[in-house]
Structure formats: structure tokens, C-alpha cells
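Enquirer: Just upload28.cif, nothing more (mmCIF, C-alpha atoms):
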data_input
loop_
_atom_site.label_atom_id
_atom_site.label_comp_id
_atom_site.auth_asym_id
_atom_site.auth_seq_id
_atom_site.Cartn_x
_atom_site.Cartn_y
_atom_site.Cartn_z
CA MET A 1 -25.10 -2.89 -5.52
CA VAL A 2 -21.69 -4.39 -4.84
CA GLY A 3 -19.85 -1.28 -6.10
CA GLN A 4 -21.83 1.03 -3.84
CA GLY A 5 -21.24 -1.19 -0.81
CA PHE A 6 -17.51 -1.20 -1.51
CA GLY A 7 -17.57 2.59 -1.88
CA ARG A 8 -19.35 3.11 1.45
CA ARG A 9 -16.95 0.75 3.25
CA LEU A 10 -13.98 2.47 1.63
CA LYS A 11 -15.15 5.95 2.64
CA ARG A 12 -15.83 4.79 6.21
CA GLY A 13 -12.44 3.07 6.35
CA ILE A 14 -10.59 6.15 5.12
CA ALA A 15 -12.41 8.39 7.59
CA LEU A 16 -11.64 5.98 10.44
CA VAL A 17 -7.99 5.75 9.44
CA ALA A 18 -7.65 9.52 9.44
CA ALA A 19 -9.43 9.97 12.76
CA VAL A 20 -7.60 7.24 14.63
CA ALA A 21 -4.13 7.87 13.28
CA PHE A 22 -4.06 11.64 13.53
CA VAL A 23 -6.00 12.15 16.74
CA VAL A 24 -4.57 9.30 18.76
CA GLY A 25 -1.16 9.31 17.09
CA SER A 26 1.10 6.31 17.02
CA PRO A 27 3.44 6.17 20.02
CA TRP A 28 4.55 2.57 19.44
CA LEU A 29 5.70 3.46 15.94
CA GLY A 30 7.10 6.82 17.00
CA ALA A 31 9.66 5.11 19.19
CA ILE A 32 11.25 3.42 16.18
CA ALA A 33 10.36 5.67 13.21
CA ALA A 34 12.76 8.30 11.93
CA ASP A 35 10.46 11.05 13.15
CA GLU A 36 6.92 11.62 14.35
CA GLN A 37 5.60 12.60 10.92
CA ASP A 38 6.95 9.39 9.37
CA ALA A 39 5.42 7.39 12.23
CA ARG A 40 2.00 8.92 11.62
CA ARG A 41 2.21 8.42 7.87
CA LEU A 42 3.14 4.76 8.43
CA ALA A 43 0.25 4.26 10.86
CA VAL A 44 -2.23 5.75 8.40
CA GLY A 45 -0.68 4.06 5.39
CA ILE A 46 -0.71 0.53 6.80
CA LYS A 47 -4.43 0.93 7.59
CA LEU A 48 -5.21 2.38 4.16
CA PHE A 49 -3.11 -0.17 2.24
CA PRO A 50 -5.68 -3.04 2.40
CA ALA A 51 -8.44 -0.77 1.00
CA VAL A 52 -6.18 0.34 -1.85
CA LEU A 53 -5.14 -3.25 -2.53
CA ALA A 54 -8.80 -4.33 -2.56
CA ALA A 55 -9.42 -1.83 -5.38
CA ASP A 56 -7.40 -4.07 -7.73
CA GLN A 57 -10.10 -5.72 -9.84
CA ASP A 58 -7.84 -8.70 -10.53
CA ILE A 59 -6.70 -9.38 -6.98
CA GLY A 60 -8.39 -12.79 -7.01
CA ASP A 61 -6.08 -13.83 -9.84
CA LYS A 62 -3.05 -13.05 -7.67
CA VAL A 63 -3.72 -15.79 -5.16
CA PRO A 64 -1.31 -18.74 -5.45
CA ALA A 65 -2.24 -22.39 -5.01
CA ASP A 66 -2.16 -22.10 -1.20
CA GLY A 67 -5.27 -19.86 -1.38
CA THR A 68 -3.62 -17.06 0.60
CA LEU A 69 -3.19 -13.45 -0.45
CA HIS A 70 0.51 -12.62 0.00
CA VAL A 71 1.57 -9.03 0.64
CA LEU A 72 5.15 -7.85 0.99
CA LEU A 73 6.62 -5.32 3.39
CA VAL A 74 9.88 -4.05 1.93
CA HIS A 75 12.60 -2.17 3.83
CA ARG A 76 16.32 -1.47 3.63
CA ASP A 77 17.34 -1.72 7.29
CA GLU A 78 14.20 -1.26 9.43
CA SER A 79 13.33 -4.83 10.39
CA ALA A 80 11.79 -3.86 13.75
CA MET A 81 9.46 -1.40 12.02
CA ALA A 82 8.55 -4.00 9.39
CA ASP A 83 7.72 -6.55 12.13
CA ARG A 84 5.34 -4.12 13.85
CA LEU A 85 3.60 -3.16 10.63
CA ALA A 86 3.30 -6.84 9.67
CA ASP A 87 1.56 -7.52 12.99
CA MET A 88 -0.96 -4.77 12.20
CA LEU A 89 -1.71 -6.31 8.79
CA ARG A 90 -1.95 -9.83 10.23
CA ASP A 91 -4.47 -8.58 12.79
CA ARG A 92 -6.69 -7.59 9.88
CA GLY A 93 -6.79 -11.23 8.80
CA ARG A 94 -8.42 -10.91 5.37
CA ILE A 95 -8.66 -8.66 2.32
CA ARG A 96 -11.72 -9.10 0.09
CA ASP A 97 -12.51 -12.29 2.02
CA LEU A 98 -9.13 -13.77 1.15
CA PRO A 99 -6.86 -14.97 3.97
CA LEU A 100 -3.80 -12.75 4.31
CA SER A 101 -0.13 -13.64 4.62
CA VAL A 102 2.61 -11.04 5.18
CA ASP A 103 6.20 -11.52 4.05
CA ILE A 104 8.98 -9.13 5.12
CA LEU A 105 11.85 -8.56 2.68
CA THR A 106 14.78 -6.23 2.30
CA VAL A 107 15.16 -4.41 -1.00
CA ALA A 108 18.11 -6.71 -1.76
CA GLU A 109 15.94 -9.83 -1.21
CA LEU A 110 13.18 -8.58 -3.50
CA GLU A 111 14.97 -9.65 -6.68
CA SER A 112 14.90 -13.33 -5.72
CA TYR A 113 11.31 -13.36 -4.38
CA PRO A 114 8.87 -15.31 -6.59
CA GLY A 115 6.74 -12.36 -7.65
CA SER A 116 3.90 -14.54 -8.86
CA ARG A 117 3.12 -15.23 -5.18
CA ALA A 118 2.59 -11.57 -4.30
CA ALA A 119 -0.53 -9.42 -4.61
CA GLY A 120 0.91 -6.14 -3.36
CA LEU A 121 3.86 -4.43 -1.75
CA PHE A 122 4.16 -1.84 1.05
CA VAL A 123 7.24 0.40 1.43
CA VAL A 124 8.29 0.51 5.11
CA GLN A 125 10.81 3.36 5.08
CA ARG A 126 12.04 6.23 2.93
CA LEU A 127 14.15 4.54 0.26
CA GLY A 128 15.30 7.17 -2.23
CA ASP A 129 17.08 5.42 -5.12
CA ASP A 130 16.10 2.01 -3.71
CA LEU A 131 12.62 2.67 -5.10
CA VAL A 132 13.97 1.77 -8.57
CA PRO A 133 14.02 -2.03 -7.99
CA ILE A 134 10.62 -1.78 -6.26
CA ARG A 135 9.12 -0.04 -9.31
CA ALA A 136 10.70 -2.65 -11.59
CA PHE A 137 9.40 -5.55 -9.44
CA SER A 138 5.91 -4.03 -9.38
CA GLN A 139 5.82 -3.64 -13.16
CA ARG A 140 7.37 -7.03 -13.87
CA HIS A 141 4.85 -8.87 -11.70
CA ARG A 142 1.87 -6.56 -12.36
CA LEU A 143 1.24 -5.77 -8.72
CA LEU A 144 0.39 -2.70 -6.72
CA SER A 145 3.13 -0.94 -4.78
CA PHE A 146 2.18 1.43 -1.94
CA SER A 147 4.25 4.00 -0.07
CA PRO A 148 2.95 6.32 2.65
CA PHE A 149 5.85 8.75 2.14
CA GLU A 150 5.53 12.07 0.33
CA GLY A 151 7.12 12.12 -3.10
CA ASP A 152 7.23 8.35 -3.66
CA VAL A 153 4.12 8.28 -5.87
CA GLU A 154 5.72 10.96 -8.05
CA ARG A 155 8.85 8.75 -8.20
CA GLY A 156 6.86 5.90 -9.73
CA ILE A 157 5.29 4.00 -6.84
CA THR A 158 1.77 2.97 -7.85
CA ALA A 159 -0.16 4.26 -4.85
CA GLY A 160 0.14 6.31 -1.69
CA MET A 161 -1.91 8.89 0.10
CA VAL A 162 -2.57 12.60 0.25
CA VAL A 163 -2.96 14.08 3.72
CA SER A 164 -4.64 17.47 4.14
CA ASP A 165 -7.86 18.03 6.07
CA ARG A 166 -8.62 14.39 5.22
CA VAL A 167 -6.76 11.36 3.89
CA LEU A 168 -7.27 10.27 0.29
CA PRO A 169 -5.69 7.51 -1.75
CA TYR A 170 -3.17 8.83 -4.28
CA LEU A 171 -2.52 7.01 -7.57
CA ASN A 172 0.27 7.40 -10.11
CA ILE A 173 -1.75 6.82 -13.27
CA ASP A 174 1.35 6.21 -15.40
CA ALA A 175 2.53 3.53 -12.93
CA VAL A 176 -0.95 1.97 -12.84
CA ASN A 177 -0.87 1.71 -16.64
CA ALA A 178 2.73 0.40 -16.68
CA THR A 179 1.81 -2.42 -14.30
CA GLY A 180 -1.39 -3.25 -16.17
CA LEU A 181 -3.48 -2.87 -13.03
CA ARG A 182 -7.25 -2.54 -13.40
CA ILE A 183 -8.47 -0.33 -10.56
CA LYS A 184 -12.15 -0.25 -9.62
CA PRO A 185 -13.87 2.75 -11.24
CA PHE A 186 -15.30 4.05 -7.97
CA PHE A 187 -11.85 4.04 -6.41
CA LEU A 188 -10.48 6.00 -9.37
CA LYS A 189 -13.18 8.62 -8.79
CA ILE A 190 -12.31 9.24 -5.15
CA ALA A 191 -8.52 8.98 -5.42
CA GLU A 192 -6.19 11.88 -6.09
CA ARG A 193 -4.22 11.31 -9.28
CA TYR A 194 -0.69 12.03 -10.36
CA GLU A 195 0.13 12.09 -14.06
CA LYS A 196 3.24 13.46 -15.73
CA GLN A 197 2.50 16.48 -17.88
#
Just dump the structure as C-alpha cells.

Expert:
Amino acid sequence: MVGQGFGRRLKRGIALVAAVAFVVGSPWLGAIAADEQDARRLAVGIKLFPAVLAADQDIGDKVPADGTLHVLLVHRDESAMADRLADMLRDRGRIRDLPLSVDILTVAELESYPGSRAAGLFVVQRLGDDLVPIRAFSQRHRLLSFSPFEGDVERGITAGMVVSDRVLPYLNIDAVNATGLRIKPFFLKIAERYEKQ
């Protein structure tokens, strides 16, 4: 079945991400990240992001007329980091058999970006209060936002990751509902969930 095949690929992908990123580390990111922990979280997150994005059941509807799946990397002042992460995503080439295009934006540029062109958004650095316009953009355009940084899912970003003895996707269920995202049922079963009490 298609769902089972996706589930097996997702589990393998998550296991590979965890093994590669945490055993090998990420020296090329470490040189420009704020600290080693952030560098590792970015390295794992950028590899997990396509699998999380592929869990959006409506991703095919988020492809503009050019036939390319556009994802955004958003930062405040880390353009070198964003460039490196964009190269990693471009090397992947496709998500769910759709050709991939990566656009790099600052938080300030996000407001004027035509959101209907985007399928998902990746947070490149710790942003604090600058997450507010990202949350608003995500909800307004019904797209998935992803941050690898601890605490951002609790602050309203749609998805992230939990790192313990393994790496799991982490979903803010309230944010998923606010954006109107339909996440594949299997993905919902394996992901950690955050919901306000």
C-alpha cells in the first residue's frame, strides 16, 4: 500500500538523519552556526524537513503554474547559513516527485512574498519575537512552517523535531489546525504532539 511504503521510507529517513547528523556531526555548519548544538539541530532539521513537508496531503495543490515546489528558508541576518542549507535542499532535487525550488528570504521580506507560490517554510536561525510574522504568514497561506530549534513549536511554529535517543517529528496540533493543514494519518501516529492544555 502507498501509505505503508511512505511510512517505511519515512522511518528509514528519520533513522538515517539521526545517525548521520549526530555521529558525523556537521563541521561545515558549525563554523557559521551560533554554537555546535544549533549546527547539529540545523543539519538534522534540514534533512527531516522534506519528509515532514511530504506529509502534507495537499502538497500537490501548492504547486504554482511553473510546476515547481517552492520552499522558503527564512532568516534575520544569517544569509551564509541560509545559502548552505539551500544547497543541501537543492541537492535533494525533489519532494514527492515534484521538482524543488528554494527561495531565501529575510523575515522583513516575507511580508511581500507571494505566499501562494510557497509550499513550506524552514526557519534558519533562532528568531524569538520574529516568529510572529512567520506564524501569521504560515496561517494566511495555509503552509507548513518548520523550525529545528527547541521551543519554537511551542511558540506556534507548525513543525519541528524532538531529539532524545532518536529523532522524531514534532507537531503543534493547534498550529496545524489554524493553518488548515491535512497531515497524513501515519505521520500523525509517529510524530510527537504539542497541544495547549

Enquirer: Identify all residues satisfying the PyMOL selection byres ((chain A and resi 162) around 10) in the given file; provide them as a VMD selection string.

Expert: chain A and resid 41 148 to 150 160 to 161 163 to 171 191 to 193

Enquirer: Can you list, as a PyMOL selection string, the residues that the PyMOL selection byres ((chain A and resi 104-108) around 7) selects here?

Expert: chain A and resi 72-76+82+102-103+109-111

Enquirer: Taking only C-alpha atoms into account, name the residue in A:Gly115, A:Ala51, A:Val153, A:Gly93 that is nearest to Gly128 of chain A.

Expert: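 Among the listed residues, the smallest separation from Gly128 of chain A belongs to A:Val153.
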
Enquirer: Rank A:Gly151, A:Pro50, A:Gly45, A:Gly67 by their smallest atom-to-atom distance to Arg92 of chain A, using all atoms listed in the file, and report the top residue only.

Expert: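 Going through A:Gly151, A:Pro50, A:Gly45, A:Gly67 one by one, the smallest distance to Arg92 of chain A is for A:Pro50.
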
Enquirer: What is the atom CA of Glu195 of chain A to atom CA of Asn177 of chain A distance in Å?

Expert: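 Answer for the atom CA of Glu195 of chain A to atom CA of Asn177 of chain A separation: 10.7 Å.
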
Enquirer: Please report as CSV every residue of segment 31-129 of chain A lying within 10 Å of segment 187-190 of chain A, along with the nearest atom pair and their distance in Å (one decimal), using all atoms listed in the file.

Expert:
residue,atom,partner,partner_atom,distance
A:Ala51,CA,A:Phe187,CA,9.5
A:Val52,CA,A:Phe187,CA,8.2
A:Ala54,CA,A:Phe187,CA,9.7
A:Ala55,CA,A:Phe187,CA,6.4
A:Asp56,CA,A:Phe187,CA,9.3

Enquirer: Translate the PyMOL selection byres ((chain A and resi 179) around 7) into a concrete residue list for this structure, as a ChimeraX atom specification.

Expert: /A:138-139,142-143,175-178,180-181

Enquirer: The centre and edge lengths of an axis-aligned box containing all atoms of segment 131-147 of chain A present in the file, extended by 8 Å on each side, are to be given in Å to one decimal, as lines of an AutoDock Vina configuration file.

Expert:
center_x = 7.2
center_y = -2.4
center_z = -7.0
size_x = 29.6
size_y = 28.9
size_z = 29.8

Enquirer: Can you measure atom CA of Lys196 of chain A to atom CA of Ile173 of chain A for me? One decimal in Å is fine.

Expert: 8.7 Å

Enquirer: Just to confirm, what's the straight-line distance from atom CA of Phe49 of chain A to atom CA of Phe146 of chain A in Å (one decimal)?

Expert: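 Here the two named atoms are 6.9 Å from each other.
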
Enquirer: Measuring between only C-alpha atoms, which one of A:Gln37, A:Thr68, A:Thr158, A:Gln57 shows the shortest distance to Arg117 of chain A?

Expert: A:Thr68

Enquirer: A:Arg126, A:Lys184, A:Lys62, A:His70: which is nearest Leu42 of chain A, counting all atoms listed in the file?

Expert: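 Nearest candidate to Leu42 of chain A out of A:Arg126, A:Lys184, A:Lys62, A:His70: A:Arg126.
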
Enquirer: Just the residues within 8 Å of Val71 of chain A, please, counting all atoms listed in the file, with nothing from its chain fewer than 4 positions along; format it as a list in words.

Expert: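 Once the nearby chain positions are removed, what remains is Leu100, Ser101, Val102, Asp103, Ala118, Ala119, Gly120, Leu121 and Phe122 of chain A.
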
Enquirer: Write the residues of the selection above to a file with C-alpha atoms, as an mmCIF file, in the frame of the given file.

Expert:
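Full text of out29.cif as output:
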data_model
loop_
_atom_site.group_PDB
_atom_site.id
_atom_site.type_symbol
_atom_site.label_atom_id
_atom_site.label_comp_id
_atom_site.auth_asym_id
_atom_site.auth_seq_id
_atom_site.Cartn_x
_atom_site.Cartn_y
_atom_site.Cartn_z
ATOM 1 C CA LEU A 100 -3.800 -12.750 4.310
ATOM 2 C CA SER A 101 -0.130 -13.640 4.620
ATOM 3 C CA VAL A 102 2.610 -11.040 5.180
ATOM 4 C CA ASP A 103 6.200 -11.520 4.050
ATOM 5 C CA ALA A 118 2.590 -11.570 -4.300
ATOM 6 C CA ALA A 119 -0.530 -9.420 -4.610
ATOM 7 C CA GLY A 120 0.910 -6.140 -3.360
ATOM 8 C CA LEU A 121 3.860 -4.430 -1.750
ATOM 9 C CA PHE A 122 4.160 -1.840 1.050
#

Enquirer: For Ile59 of chain A, which of A:Asp97, A:Asp83, A:Glu78, A:Asp38 is the closest residue, counting only C-alpha atoms?

Expert: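 Ranking A:Asp97, A:Asp83, A:Glu78, A:Asp38 by distance to Ile59 of chain A, first place goes to A:Asp97.
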
Enquirer: When you count all atoms listed in the file, which of these residues is closest to Asp129 of chain A: A:Ile157, A:Leu144, A:Ala39, A:Met81?

Expert: A:Ile157

Enquirer: Kindly complete segment 138-153 of chain A to N, CA and C atoms; the output should be written as an mmCIF file, in the frame of the given file.

Expert:
data_model
loop_
_atom_site.group_PDB
_atom_site.id
_atom_site.type_symbol
_atom_site.label_atom_id
_atom_site.label_comp_id
_atom_site.auth_asym_id
_atom_site.auth_seq_id
_atom_site.Cartn_x
_atom_site.Cartn_y
_atom_site.Cartn_z
ATOM 1 N N SER A 138 7.341 -4.279 -9.266
ATOM 2 C CA SER A 138 5.910 -4.030 -9.380
ATOM 3 C C SER A 138 5.445 -4.160 -10.832
ATOM 4 N N GLN A 139 6.196 -3.571 -11.751
ATOM 5 C CA GLN A 139 5.820 -3.640 -13.160
ATOM 6 C C GLN A 139 5.989 -5.053 -13.720
ATOM 7 N N ARG A 140 7.083 -5.696 -13.350
ATOM 8 C CA ARG A 140 7.370 -7.030 -13.870
ATOM 9 C C ARG A 140 6.298 -8.041 -13.456
ATOM 10 N N HIS A 141 5.812 -7.893 -12.225
ATOM 11 C CA HIS A 141 4.850 -8.870 -11.700
ATOM 12 C C HIS A 141 3.419 -8.338 -11.653
ATOM 13 N N ARG A 142 3.211 -7.142 -12.226
ATOM 14 C CA ARG A 142 1.870 -6.560 -12.360
ATOM 15 C C ARG A 142 1.147 -6.469 -11.018
ATOM 16 N N LEU A 143 1.854 -5.914 -10.034
ATOM 17 C CA LEU A 143 1.240 -5.770 -8.720
ATOM 18 C C LEU A 143 1.346 -4.348 -8.206
ATOM 19 N N LEU A 144 0.479 -4.041 -7.280
ATOM 20 C CA LEU A 144 0.390 -2.700 -6.720
ATOM 21 C C LEU A 144 1.478 -2.477 -5.685
ATOM 22 N N SER A 145 2.183 -1.363 -5.812
ATOM 23 C CA SER A 145 3.130 -0.940 -4.780
ATOM 24 C C SER A 145 2.531 0.265 -4.067
ATOM 25 N N PHE A 146 2.763 0.361 -2.749
ATOM 26 C CA PHE A 146 2.180 1.430 -1.940
ATOM 27 C C PHE A 146 3.261 2.005 -1.037
ATOM 28 N N SER A 147 3.358 3.324 -1.009
ATOM 29 C CA SER A 147 4.250 4.000 -0.070
ATOM 30 C C SER A 147 3.487 5.118 0.621
ATOM 31 N N PRO A 148 3.614 5.222 1.940
ATOM 32 C CA PRO A 148 2.950 6.320 2.650
ATOM 33 C C PRO A 148 3.749 7.624 2.624
ATOM 34 N N PHE A 149 4.954 7.593 2.043
ATOM 35 C CA PHE A 149 5.850 8.750 2.140
ATOM 36 C C PHE A 149 5.655 9.725 0.981
ATOM 37 N N GLU A 150 5.679 11.003 1.334
ATOM 38 C CA GLU A 150 5.530 12.070 0.330
ATOM 39 C C GLU A 150 6.604 11.932 -0.738
ATOM 40 N N GLY A 151 6.190 12.122 -1.973
ATOM 41 C CA GLY A 151 7.120 12.120 -3.100
ATOM 42 C C GLY A 151 7.311 10.775 -3.761
ATOM 43 N N ASP A 152 6.972 9.677 -3.085
ATOM 44 C CA ASP A 152 7.230 8.350 -3.660
ATOM 45 C C ASP A 152 6.281 8.033 -4.823
ATOM 46 N N VAL A 153 5.041 8.494 -4.756
ATOM 47 C CA VAL A 153 4.120 8.280 -5.870
ATOM 48 C C VAL A 153 4.649 9.007 -7.116
#
